[in-house]
>>> print(open('structure-v7.cif').read())   # mmCIF, C-alpha atoms
data_protein
#
loop_
_atom_site.label_atom_id
_atom_site.label_comp_id
_atom_site.auth_asym_id
_atom_site.auth_seq_id
_atom_site.Cartn_x
_atom_site.Cartn_y
_atom_site.Cartn_z
CA MET A 689 97.97 96.43 81.79
CA PRO A 690 95.83 95.10 84.68
CA ILE A 691 97.15 93.47 87.84
CA LYS A 692 100.08 91.30 86.83
CA ASN A 693 99.12 87.63 86.89
CA SER A 694 102.33 86.42 88.48
CA ILE A 695 101.88 88.92 91.31
CA ALA A 696 98.26 87.89 91.83
CA GLU A 697 99.45 84.28 92.11
CA MET A 698 101.78 85.34 94.94
CA LEU A 699 98.89 86.58 97.11
CA PRO A 700 98.76 83.64 99.56
CA GLU A 701 102.51 83.89 100.18
CA LEU A 702 102.45 87.69 100.42
CA THR A 703 99.46 87.58 102.77
CA ALA A 704 101.37 85.25 105.08
CA TRP A 705 104.33 87.65 105.05
CA ARG A 706 102.11 90.65 105.78
CA ARG A 707 100.36 88.94 108.67
CA ASP A 708 103.67 87.86 110.16
CA PHE A 709 104.85 91.50 110.06
CA HIS A 710 101.55 92.46 111.65
CA GLU A 711 101.99 90.01 114.51
CA HIS A 712 105.43 91.42 115.31
CA PRO A 713 105.22 95.24 115.16
CA GLU A 714 108.31 97.33 115.83
CA LEU A 715 108.51 101.07 116.50
CA LEU A 716 110.60 103.81 114.92
CA PHE A 717 114.20 102.74 114.26
CA GLU A 718 113.82 99.45 116.17
CA THR A 719 112.71 97.48 113.10
CA GLU A 720 115.42 94.86 113.56
CA ARG A 721 113.25 91.79 113.03
CA THR A 722 111.26 93.35 110.18
CA GLY A 723 114.36 94.61 108.41
CA GLY A 724 116.10 91.27 108.88
CA LEU A 725 113.21 89.36 107.29
CA VAL A 726 112.99 91.86 104.44
CA ALA A 727 116.71 91.51 103.75
CA ASP A 728 116.55 87.69 103.84
CA ARG A 729 113.67 87.61 101.36
CA LEU A 730 115.34 90.08 99.03
CA ARG A 731 118.46 87.90 98.99
CA GLU A 732 116.36 84.81 98.31
CA MET A 733 114.75 86.62 95.36
CA GLY A 734 118.17 87.16 93.81
CA CYS A 735 118.48 90.93 94.17
CA ASP A 736 121.87 92.11 92.91
CA GLU A 737 122.70 93.96 96.11
CA VAL A 738 121.14 94.03 99.57
CA VAL A 739 122.44 96.58 102.09
CA THR A 740 121.36 96.48 105.73
CA GLY A 741 121.97 98.84 108.63
CA VAL A 742 120.83 101.92 106.72
CA ALA A 743 119.31 104.40 109.18
CA LYS A 744 120.00 101.72 111.82
CA ASN A 745 117.59 99.00 110.64
CA GLY A 746 116.60 100.11 107.15
CA VAL A 747 117.30 98.02 104.05
CA VAL A 748 118.26 99.07 100.52
CA ALA A 749 118.18 96.58 97.63
CA VAL A 750 119.26 96.88 94.01
CA ILE A 751 117.77 95.05 91.02
CA ARG A 752 119.36 95.58 87.61
CA GLY A 753 117.41 95.22 84.39
CA LYS A 754 118.28 93.13 81.34
CA SER A 755 120.10 96.16 79.94
CA ASP A 756 121.32 99.57 81.06
CA ALA A 757 121.46 101.68 77.94
CA THR A 758 120.14 104.82 79.63
CA GLY A 759 121.91 104.43 82.95
CA ARG A 760 118.82 105.62 84.81
CA THR A 761 117.75 104.56 88.31
CA VAL A 762 114.25 104.58 89.78
CA ALA A 763 113.69 104.20 93.53
CA LEU A 764 110.63 102.70 95.21
CA ARG A 765 110.03 103.28 98.93
CA ALA A 766 108.07 101.46 101.66
CA ASP A 767 107.97 102.22 105.38
CA MET A 768 108.26 99.43 107.97
CA ASP A 769 107.49 100.79 111.45
CA ALA A 770 104.38 100.43 113.61
CA LEU A 771 102.66 102.62 116.21
CA PRO A 772 102.45 102.63 120.04
CA ILE A 773 98.76 101.62 120.02
CA ALA A 774 97.09 98.63 121.69
CA GLU A 775 95.39 96.58 118.98
CA ALA A 776 91.65 95.91 119.21
CA THR A 777 90.94 94.09 115.93
CA GLY A 778 90.56 90.62 117.41
CA ALA A 779 92.19 89.23 114.26
CA PRO A 780 93.89 85.82 114.53
CA TYR A 781 97.11 87.53 113.40
CA ALA A 782 96.77 90.46 115.84
CA SER A 783 99.85 91.98 117.40
CA LYS A 784 101.66 89.76 119.89
CA THR A 785 103.42 92.77 121.42
CA PRO A 786 101.27 94.63 123.97
CA GLY A 787 100.90 98.33 123.24
CA LYS A 788 102.23 98.13 119.67
CA MET A 789 100.43 97.53 116.38
CA HIS A 790 100.54 98.20 112.67
CA ALA A 791 97.74 100.77 112.78
CA CYS A 792 98.86 102.61 109.63
CA GLY A 793 99.39 99.73 107.22
CA HIS A 794 103.16 99.89 106.92
CA ASP A 795 103.15 96.10 107.08
CA GLY A 796 101.08 96.23 103.90
CA HIS A 797 103.37 98.77 102.23
CA THR A 798 106.42 96.61 102.99
CA THR A 799 104.69 93.52 101.64
CA MET A 800 103.55 95.21 98.42
CA LEU A 801 107.10 96.37 97.71
CA LEU A 802 108.40 92.86 98.41
CA GLY A 803 105.88 91.50 95.94
CA ALA A 804 107.06 93.96 93.31
CA ALA A 805 110.68 93.08 94.10
CA LYS A 806 110.06 89.38 93.55
CA TYR A 807 108.38 90.06 90.21
CA LEU A 808 111.10 92.46 89.04
CA ALA A 809 113.94 90.16 90.12
CA GLU A 810 112.35 87.31 88.16
CA THR A 811 111.45 89.20 84.98
CA ARG A 812 114.01 92.06 84.81
CA ASN A 813 112.03 93.38 81.85
CA PHE A 814 113.42 96.90 82.10
CA ASP A 815 116.45 98.97 81.10
CA GLY A 816 118.29 100.51 84.03
CA THR A 817 118.32 99.97 87.79
CA VAL A 818 115.70 99.76 90.51
CA VAL A 819 116.53 100.73 94.10
CA LEU A 820 114.19 99.52 96.82
CA LEU A 821 114.08 101.63 100.00
CA PHE A 822 112.69 99.84 103.05
CA GLN A 823 112.60 102.63 105.60
CA PRO A 824 112.27 102.61 109.38
CA ALA A 825 110.84 105.37 111.56
CA GLU A 826 108.25 107.10 109.42
CA GLU A 827 105.96 107.55 112.42
CA GLY A 828 107.72 110.53 113.93
CA GLY A 829 111.35 109.47 113.71
CA GLY A 830 112.22 110.91 110.32
CA GLY A 831 113.76 107.72 108.98
CA ALA A 832 113.70 109.12 105.44
CA ARG A 833 115.71 112.13 106.58
CA VAL A 834 118.32 109.85 108.13
CA MET A 835 118.54 107.74 104.97
CA VAL A 836 119.03 110.89 102.90
CA GLU A 837 121.66 112.20 105.33
CA GLU A 838 123.48 108.87 105.08
CA GLY A 839 123.73 109.44 101.33
CA VAL A 840 121.44 106.82 99.81
CA ILE A 841 120.39 109.15 96.98
CA GLU A 842 123.96 109.72 95.81
CA ARG A 843 125.32 106.28 96.70
CA PHE A 844 122.75 104.47 94.58
CA GLY A 845 122.48 107.12 91.85
CA ILE A 846 118.73 107.62 92.25
CA ASP A 847 117.11 109.77 89.54
CA GLU A 848 113.45 109.67 90.63
CA VAL A 849 111.52 108.18 93.54
CA TYR A 850 108.00 106.84 94.13
CA GLY A 851 106.01 105.88 97.21
CA MET A 852 102.52 104.74 98.20
CA HIS A 853 100.13 104.89 101.16
CA ASN A 854 96.93 102.97 101.77
CA VAL A 855 93.69 104.86 102.49
CA PRO A 856 90.74 103.31 104.36
CA GLY A 857 87.36 104.19 102.92
CA ARG A 858 88.67 104.39 99.36
CA GLU A 859 87.45 101.59 97.10
CA LEU A 860 89.68 98.54 97.25
CA GLY A 861 92.52 98.59 94.73
CA THR A 862 91.76 102.05 93.33
CA PHE A 863 94.24 104.91 93.15
CA ALA A 864 94.30 108.67 93.74
CA ILE A 865 97.04 111.27 93.38
CA ARG A 866 97.54 114.98 92.83
CA PRO A 867 100.40 117.12 91.49
CA GLY A 868 101.96 119.81 93.66
CA PRO A 869 101.32 120.17 97.41
CA PHE A 870 99.83 116.96 98.82
CA TYR A 871 100.80 116.64 102.51
CA ALA A 872 101.60 119.39 105.00
CA ALA A 873 104.72 120.31 106.91
CA ALA A 874 104.18 118.87 110.39
CA ASP A 875 105.67 121.03 113.13
CA GLN A 876 105.03 121.03 116.87
CA PHE A 877 105.41 123.44 119.73
CA GLU A 878 105.79 123.33 123.49
CA ILE A 879 105.04 126.44 125.56
CA THR A 880 105.71 127.03 129.25
CA ILE A 881 103.88 129.97 130.85
CA THR A 882 105.36 131.01 134.19
CA GLY A 883 103.51 133.28 136.59
CA ARG A 884 103.55 133.44 140.37
CA ALA A 885 101.78 130.88 142.53
CA GLY A 886 99.29 131.91 145.17
CA HIS A 887 96.10 131.12 147.08
CA ALA A 888 93.05 130.83 144.85
CA ALA A 889 91.11 133.04 147.29
CA GLN A 890 93.71 135.80 146.90
CA PRO A 891 94.36 135.89 143.14
CA HIS A 892 95.49 139.52 143.29
CA GLN A 893 98.66 138.38 145.06
CA ALA A 894 99.51 135.89 142.31
CA VAL A 895 100.18 135.96 138.57
CA ASP A 896 97.74 133.39 137.24
CA ALA A 897 99.53 131.29 134.62
CA THR A 898 96.26 129.48 133.82
CA LEU A 899 94.58 132.76 132.87
CA VAL A 900 97.58 133.77 130.75
CA ALA A 901 97.66 130.42 128.99
CA SER A 902 93.93 130.59 128.31
CA HIS A 903 94.32 133.95 126.59
CA ALA A 904 97.23 132.53 124.59
CA VAL A 905 95.20 129.55 123.36
CA VAL A 906 92.42 131.83 122.12
CA ALA A 907 94.80 134.35 120.56
CA LEU A 908 96.73 131.70 118.64
CA GLN A 909 93.59 130.97 116.62
CA ALA A 910 93.94 134.46 115.12
CA ILE A 911 97.02 133.31 113.20
CA ALA A 912 94.91 131.18 110.87
CA ALA A 913 91.81 133.37 111.05
CA ARG A 914 93.35 136.82 110.59
CA GLU A 915 97.06 136.71 109.75
CA VAL A 916 97.56 134.13 107.00
CA ASP A 917 96.22 134.56 103.48
CA PRO A 918 92.89 132.68 103.59
CA VAL A 919 93.62 130.85 100.32
CA LYS A 920 96.63 129.18 101.97
CA GLN A 921 96.02 126.21 104.25
CA VAL A 922 97.22 126.42 107.84
CA VAL A 923 96.23 124.67 111.05
CA VAL A 924 97.33 125.79 114.53
CA SER A 925 96.06 123.34 117.14
CA VAL A 926 96.74 123.45 120.87
CA THR A 927 96.28 119.82 121.85
CA SER A 928 97.44 119.75 125.47
CA PHE A 929 96.83 122.17 128.37
CA GLU A 930 98.40 121.07 131.66
CA THR A 931 98.75 123.04 134.90
CA GLU A 932 101.51 122.45 137.39
CA THR A 933 99.02 121.69 140.17
CA LYS A 934 95.80 119.70 140.35
CA ALA A 935 94.63 121.43 143.55
CA HIS A 936 91.33 123.34 143.71
CA ASN A 937 92.67 126.18 145.85
CA ILE A 938 96.05 127.02 144.31
CA VAL A 939 96.82 129.46 141.51
CA ALA A 940 99.28 127.51 139.37
CA GLU A 941 102.68 129.04 138.80
CA ARG A 942 103.27 127.17 135.53
CA VAL A 943 101.14 125.95 132.67
CA PHE A 944 102.38 123.75 129.82
CA LEU A 945 100.85 123.91 126.34
CA ARG A 946 101.57 121.61 123.43
CA GLY A 947 100.31 121.52 119.91
CA THR A 948 100.92 121.23 116.21
CA VAL A 949 101.16 123.51 113.18
CA ARG A 950 100.43 122.26 109.66
CA THR A 951 101.31 124.31 106.57
CA LEU A 952 101.88 123.74 102.85
CA ASP A 953 103.85 126.90 102.07
CA GLU A 954 107.34 127.57 103.47
CA ASP A 955 106.70 131.32 103.78
CA VAL A 956 103.55 130.61 105.80
CA ARG A 957 105.52 128.14 107.90
CA ASP A 958 108.06 130.86 108.73
CA GLN A 959 105.30 133.37 109.43
CA VAL A 960 103.47 131.07 111.84
CA GLU A 961 106.63 130.21 113.76
CA GLN A 962 107.45 133.90 114.21
CA ARG A 963 103.96 135.02 115.13
CA LEU A 964 103.34 132.15 117.54
CA GLY A 965 106.31 133.27 119.62
CA GLU A 966 105.40 136.96 119.41
CA ILE A 967 101.79 136.39 120.43
CA VAL A 968 102.56 134.13 123.37
CA ASN A 969 105.36 136.32 124.70
CA GLY A 970 103.25 139.46 124.26
CA ILE A 971 100.29 138.04 126.17
CA ALA A 972 102.54 136.77 128.94
CA ALA A 973 104.16 140.19 129.32
CA THR A 974 100.75 141.88 129.41
CA PHE A 975 99.82 139.93 132.55
CA GLY A 976 103.24 140.10 134.19
CA ALA A 977 104.14 136.52 133.37
CA SER A 978 106.87 135.04 131.19
CA ALA A 979 106.84 132.44 128.44
CA ASP A 980 109.23 129.94 126.93
CA VAL A 981 108.29 128.88 123.40
CA ASP A 982 109.94 125.86 121.77
CA PHE A 983 108.93 125.54 118.10
CA GLN A 984 110.15 122.24 116.65
CA ARG A 985 110.18 121.81 112.90
CA GLY A 986 109.13 118.35 111.77
CA TYR A 987 108.64 116.84 108.34
CA PRO A 988 108.62 119.33 105.45
CA SER A 989 105.57 119.50 103.21
CA LEU A 990 105.28 116.84 100.53
CA SER A 991 104.86 118.11 96.99
CA ASN A 992 104.51 115.79 94.01
CA ALA A 993 106.52 116.69 90.91
CA GLU A 994 104.18 117.31 87.99
CA ALA A 995 105.78 115.00 85.44
CA GLU A 996 106.29 112.15 87.92
CA THR A 997 102.69 112.53 89.09
CA GLY A 998 101.62 111.97 85.51
CA TYR A 999 103.74 108.83 85.25
CA ALA A 1000 102.36 107.52 88.55
CA ALA A 1001 98.76 108.22 87.51
CA ALA A 1002 99.25 106.56 84.12
CA ALA A 1003 100.68 103.44 85.79
CA ALA A 1004 97.70 103.37 88.18
CA GLU A 1005 95.29 103.64 85.26
CA ARG A 1006 96.93 100.66 83.59
CA VAL A 1007 96.68 98.61 86.78
CA ALA A 1008 93.22 99.63 88.00
CA GLY A 1009 91.56 101.21 84.97
CA ALA A 1010 91.40 104.69 86.52
CA CYS A 1011 93.18 107.12 88.81
CA VAL A 1012 91.33 110.07 90.34
CA GLU A 1013 92.56 113.34 91.80
CA ALA A 1014 93.20 113.17 95.54
CA PRO A 1015 92.43 116.04 97.94
CA ILE A 1016 95.14 117.86 99.88
CA TYR A 1017 95.84 116.34 103.30
CA LEU A 1018 97.32 118.14 106.27
CA TRP A 1019 98.89 114.92 107.49
CA GLY A 1020 102.67 114.67 107.71
CA GLU A 1021 104.77 112.24 105.66
CA ASP A 1022 108.55 111.94 105.62
CA PHE A 1023 108.63 110.71 102.03
CA SER A 1024 109.00 114.47 101.53
CA TYR A 1025 112.72 114.18 102.33
CA PHE A 1026 113.18 111.92 99.30
CA ALA A 1027 110.93 114.06 97.10
CA ASN A 1028 112.89 117.18 98.05
CA LYS A 1029 116.09 115.57 96.77
CA ARG A 1030 114.83 114.01 93.55
CA PRO A 1031 111.68 114.35 91.42
CA GLY A 1032 109.07 112.02 92.80
CA ALA A 1033 105.43 111.18 93.36
CA TYR A 1034 103.41 109.72 96.20
CA ILE A 1035 100.14 107.92 95.50
CA HIS A 1036 97.16 106.60 97.49
CA ILE A 1037 95.69 103.11 97.15
CA GLY A 1038 92.27 102.19 98.51
CA VAL A 1039 91.91 99.35 101.01
CA GLY A 1040 88.12 99.40 101.29
CA GLU A 1041 86.13 99.68 104.48
CA THR A 1042 88.06 99.45 107.74
CA ALA A 1043 88.72 101.65 110.73
CA PRO A 1044 90.68 104.88 110.08
CA LEU A 1045 94.45 105.03 110.10
CA HIS A 1046 96.00 105.16 113.60
CA HIS A 1047 92.89 103.52 115.09
CA PRO A 1048 93.15 100.40 117.30
CA GLU A 1049 90.66 98.56 115.06
CA TYR A 1050 92.38 99.41 111.76
CA ASP A 1051 93.39 96.42 109.65
CA PHE A 1052 95.13 96.43 106.28
CA ASN A 1053 93.16 94.59 103.59
CA ASP A 1054 95.39 91.92 102.05
CA GLU A 1055 93.30 91.94 98.87
CA ALA A 1056 94.96 95.28 98.00
CA ILE A 1057 98.42 93.71 97.80
CA PRO A 1058 98.32 92.64 94.12
CA ALA A 1059 97.21 96.08 92.93
CA GLY A 1060 99.86 97.87 95.00
CA ALA A 1061 102.67 95.53 94.00
CA SER A 1062 101.58 95.74 90.35
CA TRP A 1063 101.69 99.55 90.51
CA PHE A 1064 105.25 99.50 91.84
CA ALA A 1065 106.27 97.11 89.06
CA GLU A 1066 104.40 99.07 86.40
CA ILE A 1067 106.21 102.27 87.37
CA VAL A 1068 109.54 100.54 86.79
CA GLU A 1069 108.60 98.98 83.46
CA THR A 1070 107.19 102.25 82.08
CA ARG A 1071 109.85 104.59 83.43
CA LEU A 1072 112.65 102.20 82.44
CA PRO A 1073 111.29 100.57 79.27
CA ALA A 1074 113.25 97.58 78.04
CA ALA A 1075 115.69 98.43 75.28
#
>>> encode(input="structure-v7.cif", output="structure tokens")
Amino acid sequence: MPIKNSIAEMLPELTAWRRDFHEHPELLFETERTGGLVADRLREMGCDEVVTGVAKNGVVAVIRGKSDATGRTVALRADMDALPIAEATGAPYASKTPGKMHACGHDGHTTMLLGAAKYLAETRNFDGTVVLLFQPAEEGGGGARVMVEEGVIERFGIDEVYGMHNVPGRELGTFAIRPGPFYAAADQFEITITGRAGHAAQPHQAVDATLVASHAVVALQAIAAREVDPVKQVVVSVTSFETETKAHNIVAERVFLRGTVRTLDEDVRDQVEQRLGEIVNGIAATFGASADVDFQRGYPSLSNAEAETGYAAAAAERVAGACVEAPIYLWGEDFSYFANKRPGAYIHIGVGETAPLHHPEYDFNDEAIPAGASWFAEIVETRLPAA
């Protein structure tokens, strides 16, 4: 089944919706306007239930099929939040809010799910129930975790869950997916090295926190290079090195390091957290300094369930004619909280040539909307076939 004709006919309306979302980006849990518009449109479509205020400004909608012989429920998820980036696209629908923009295409994800919702509410050619999850705060806030903690899985009786992300550089309207590990756990760390300040011309009277921190940065690379099984992916990146003083003639007493750890395996995740602390504290002690290590666990790794990956790929093949295997990414994605509670699959859709994700010149390609919305609808109609 190719792109559904009725969805393709919606493209002008859906494009207008997407561009309106783009003009009015909202961060994290502050998606009040976006969530309000989503809820209004879902009500206008005739959804059976529309619940607002989930995870502050998230929206959950329910569409029931023509029958419910199996009693099964499939959930579809889209994220709604933007990023704290100043837009540089020059588009006529560019962000009207300085310092904020939809640089990851969540405006497109929301619109594609709305397109699928309109189609499903009109046709209802399925047996069972569809739950639509419009989620805030994917970009670092863990909105999916909050929705799960608030009980959406149990409240709406969700049996399986599906999500989608756009990928610049992939051919427009094409799909890619892989079973098993797909996205990494995304953790971060903050380290404070404390020595003893002194005059730069008399370093022997000080404990140089900058020297200690420099040794720590180099030594942390040994975790990936020499301590973790080389067939298992791990990234340890120190991304910020800041001394307490900017003076040329002072030995800094404190240095602050920040960075990220990306892993696919929970045992490796535990190992890196332990060794990071041991290495930093050991080096600090060697030079007579001290260290405070704050390791903050972020999103868990995202792993696609094998069976659901097959269903998602088959639906993509029916929409686009093919679905290829995607590579593993060490990005983070909080869809993992849903996928850890129920079998699920996360798929990529191509949006053609544009700037990379999280870039000030990125722009979602509206021509991808019919394919994405058709995939959402196809998942429902194949996983919940009409009785």
>>> residues_around(input="structure-v7.cif", residues="Pro988 of chain A", least_positions_apart="4", cutoff="7 Å", atoms="only C-alpha atoms", output="PyMOL selection string")
chain A and resi 873-874+1024
>>> atom_distance(input="structure-v7.cif", atom1="atom CA of Ala1033 of chain A", atom2="atom CA of Val840 of chain A")
17.8 Å
>>> residues_around(input="structure-v7.cif", residues="segment 1063-1072 of chain A", least_positions_apart="3", cutoff="8 Å", atoms="only C-alpha atoms", output="VMD selection string")
chain A and resid 760 762 764 801 804 to 805 807 to 808 813 to 816 818 999 to 1000 1003 to 1004 1007 1059 to 1060
>>> closest_residue(input="structure-v7.cif", among="A:Asp980, A:Pro1048, A:Val922, A:Asn1053", to="Ala774 of chain A", atoms="all atoms listed in the file")
A:Pro1048
>>> resolve_selection(input="structure-v7.cif", expression="the PyMOL selection byres ((chain A and resi 937-951) around 9)", output="PyMOL selection string")
chain A and resi 871-891+894-898+900-901+905+920-936+952-954+956-957+960-961+988-989+1018-1020
>>> build_atoms(input="structure-v7.cif", residues="segment 989-1019 of chain A", atoms="N, CA and C atoms", output="PDB file, keeping the file's coordinate frame")
ATOM      1  N   SER A 989     106.746 119.839 104.019  1.00  0.00           N
ATOM      2  CA  SER A 989     105.570 119.500 103.210  1.00  0.00           C
ATOM      3  C   SER A 989     105.974 118.614 102.045  1.00  0.00           C
ATOM      4  N   LEU A 990     105.052 117.759 101.643  1.00  0.00           N
ATOM      5  CA  LEU A 990     105.280 116.840 100.530  1.00  0.00           C
ATOM      6  C   LEU A 990     104.597 117.390  99.282  1.00  0.00           C
ATOM      7  N   SER A 991     105.397 117.613  98.251  1.00  0.00           N
ATOM      8  CA  SER A 991     104.860 118.110  96.990  1.00  0.00           C
ATOM      9  C   SER A 991     105.249 117.148  95.869  1.00  0.00           C
ATOM     10  N   ASN A 992     104.270 116.701  95.123  1.00  0.00           N
ATOM     11  CA  ASN A 992     104.510 115.790  94.010  1.00  0.00           C
ATOM     12  C   ASN A 992     104.974 116.553  92.774  1.00  0.00           C
ATOM     13  N   ALA A 993     106.055 116.097  92.156  1.00  0.00           N
ATOM     14  CA  ALA A 993     106.520 116.690  90.910  1.00  0.00           C
ATOM     15  C   ALA A 993     105.500 116.423  89.807  1.00  0.00           C
ATOM     16  N   GLU A 994     105.270 117.421  88.974  1.00  0.00           N
ATOM     17  CA  GLU A 994     104.180 117.310  87.990  1.00  0.00           C
ATOM     18  C   GLU A 994     104.380 116.162  87.021  1.00  0.00           C
ATOM     19  N   ALA A 995     105.558 116.054  86.425  1.00  0.00           N
ATOM     20  CA  ALA A 995     105.780 115.000  85.440  1.00  0.00           C
ATOM     21  C   ALA A 995     105.671 113.622  86.079  1.00  0.00           C
ATOM     22  N   GLU A 996     106.308 113.452  87.256  1.00  0.00           N
ATOM     23  CA  GLU A 996     106.290 112.150  87.920  1.00  0.00           C
ATOM     24  C   GLU A 996     104.886 111.787  88.399  1.00  0.00           C
ATOM     25  N   THR A 997     104.089 112.792  88.744  1.00  0.00           N
ATOM     26  CA  THR A 997     102.690 112.530  89.090  1.00  0.00           C
ATOM     27  C   THR A 997     101.956 111.951  87.894  1.00  0.00           C
ATOM     28  N   GLY A 998     102.233 112.493  86.724  1.00  0.00           N
ATOM     29  CA  GLY A 998     101.620 111.970  85.510  1.00  0.00           C
ATOM     30  C   GLY A 998     102.020 110.522  85.240  1.00  0.00           C
ATOM     31  N   TYR A 999     103.293 110.211  85.452  1.00  0.00           N
ATOM     32  CA  TYR A 999     103.740 108.830  85.250  1.00  0.00           C
ATOM     33  C   TYR A 999     103.063 107.897  86.256  1.00  0.00           C
ATOM     34  N   ALA A1000     102.971 108.343  87.504  1.00  0.00           N
ATOM     35  CA  ALA A1000     102.360 107.520  88.550  1.00  0.00           C
ATOM     36  C   ALA A1000     100.880 107.289  88.260  1.00  0.00           C
ATOM     37  N   ALA A1001     100.189 108.337  87.823  1.00  0.00           N
ATOM     38  CA  ALA A1001      98.760 108.220  87.510  1.00  0.00           C
ATOM     39  C   ALA A1001      98.539 107.293  86.319  1.00  0.00           C
ATOM     40  N   ALA A1002      99.390 107.413  85.301  1.00  0.00           N
ATOM     41  CA  ALA A1002      99.250 106.560  84.120  1.00  0.00           C
ATOM     42  C   ALA A1002      99.466 105.094  84.489  1.00  0.00           C
ATOM     43  N   ALA A1003     100.448 104.824  85.350  1.00  0.00           N
ATOM     44  CA  ALA A1003     100.680 103.440  85.790  1.00  0.00           C
ATOM     45  C   ALA A1003      99.469 102.928  86.564  1.00  0.00           C
ATOM     46  N   ALA A1004      98.882 103.772  87.412  1.00  0.00           N
ATOM     47  CA  ALA A1004      97.700 103.370  88.180  1.00  0.00           C
ATOM     48  C   ALA A1004      96.525 103.078  87.253  1.00  0.00           C
ATOM     49  N   GLU A1005      96.372 103.871  86.219  1.00  0.00           N
ATOM     50  CA  GLU A1005      95.290 103.640  85.260  1.00  0.00           C
ATOM     51  C   GLU A1005      95.460 102.298  84.556  1.00  0.00           C
ATOM     52  N   ARG A1006      96.704 101.946  84.251  1.00  0.00           N
ATOM     53  CA  ARG A1006      96.930 100.660  83.590  1.00  0.00           C
ATOM     54  C   ARG A1006      96.657  99.489  84.532  1.00  0.00           C
ATOM     55  N   VAL A1007      96.911  99.678  85.815  1.00  0.00           N
ATOM     56  CA  VAL A1007      96.680  98.610  86.780  1.00  0.00           C
ATOM     57  C   VAL A1007      95.202  98.500  87.154  1.00  0.00           C
ATOM     58  N   ALA A1008      94.570  99.640  87.426  1.00  0.00           N
ATOM     59  CA  ALA A1008      93.220  99.630  88.000  1.00  0.00           C
ATOM     60  C   ALA A1008      92.139 100.140  87.057  1.00  0.00           C
ATOM     61  N   GLY A1009      92.537 100.696  85.924  1.00  0.00           N
ATOM     62  CA  GLY A1009      91.560 101.210  84.970  1.00  0.00           C
ATOM     63  C   GLY A1009      91.250 102.681  85.146  1.00  0.00           C
ATOM     64  N   ALA A1010      91.658 103.262  86.269  1.00  0.00           N
ATOM     65  CA  ALA A1010      91.400 104.690  86.520  1.00  0.00           C
ATOM     66  C   ALA A1010      92.292 105.162  87.659  1.00  0.00           C
ATOM     67  N   CYS A1011      92.475 106.475  87.701  1.00  0.00           N
ATOM     68  CA  CYS A1011      93.180 107.120  88.810  1.00  0.00           C
ATOM     69  C   CYS A1011      92.568 108.506  88.962  1.00  0.00           C
ATOM     70  N   VAL A1012      92.029 108.808  90.139  1.00  0.00           N
ATOM     71  CA  VAL A1012      91.330 110.070  90.340  1.00  0.00           C
ATOM     72  C   VAL A1012      92.237 111.061  91.072  1.00  0.00           C
ATOM     73  N   GLU A1013      91.792 112.321  91.092  1.00  0.00           N
ATOM     74  CA  GLU A1013      92.560 113.340  91.800  1.00  0.00           C
ATOM     75  C   GLU A1013      92.268 113.259  93.295  1.00  0.00           C
ATOM     76  N   ALA A1014      93.320 113.224  94.078  1.00  0.00           N
ATOM     77  CA  ALA A1014      93.200 113.170  95.540  1.00  0.00           C
ATOM     78  C   ALA A1014      93.063 114.579  96.104  1.00  0.00           C
ATOM     79  N   PRO A1015      92.454 114.732  97.261  1.00  0.00           N
ATOM     80  CA  PRO A1015      92.430 116.040  97.940  1.00  0.00           C
ATOM     81  C   PRO A1015      93.780 116.309  98.604  1.00  0.00           C
ATOM     82  N   ILE A1016      93.967 117.531  99.060  1.00  0.00           N
ATOM     83  CA  ILE A1016      95.140 117.860  99.880  1.00  0.00           C
ATOM     84  C   ILE A1016      94.885 117.357 101.304  1.00  0.00           C
ATOM     85  N   TYR A1017      95.915 116.778 101.909  1.00  0.00           N
ATOM     86  CA  TYR A1017      95.840 116.340 103.300  1.00  0.00           C
ATOM     87  C   TYR A1017      96.810 117.164 104.140  1.00  0.00           C
ATOM     88  N   LEU A1018      96.416 117.460 105.365  1.00  0.00           N
ATOM     89  CA  LEU A1018      97.320 118.140 106.270  1.00  0.00           C
ATOM     90  C   LEU A1018      98.001 117.164 107.230  1.00  0.00           C
ATOM     91  N   TRP A1019      98.068 115.910 106.806  1.00  0.00           N
ATOM     92  CA  TRP A1019      98.890 114.920 107.490  1.00  0.00           C
ATOM     93  C   TRP A1019     100.359 115.235 107.227  1.00  0.00           C
TER      94      TRP A1019
END
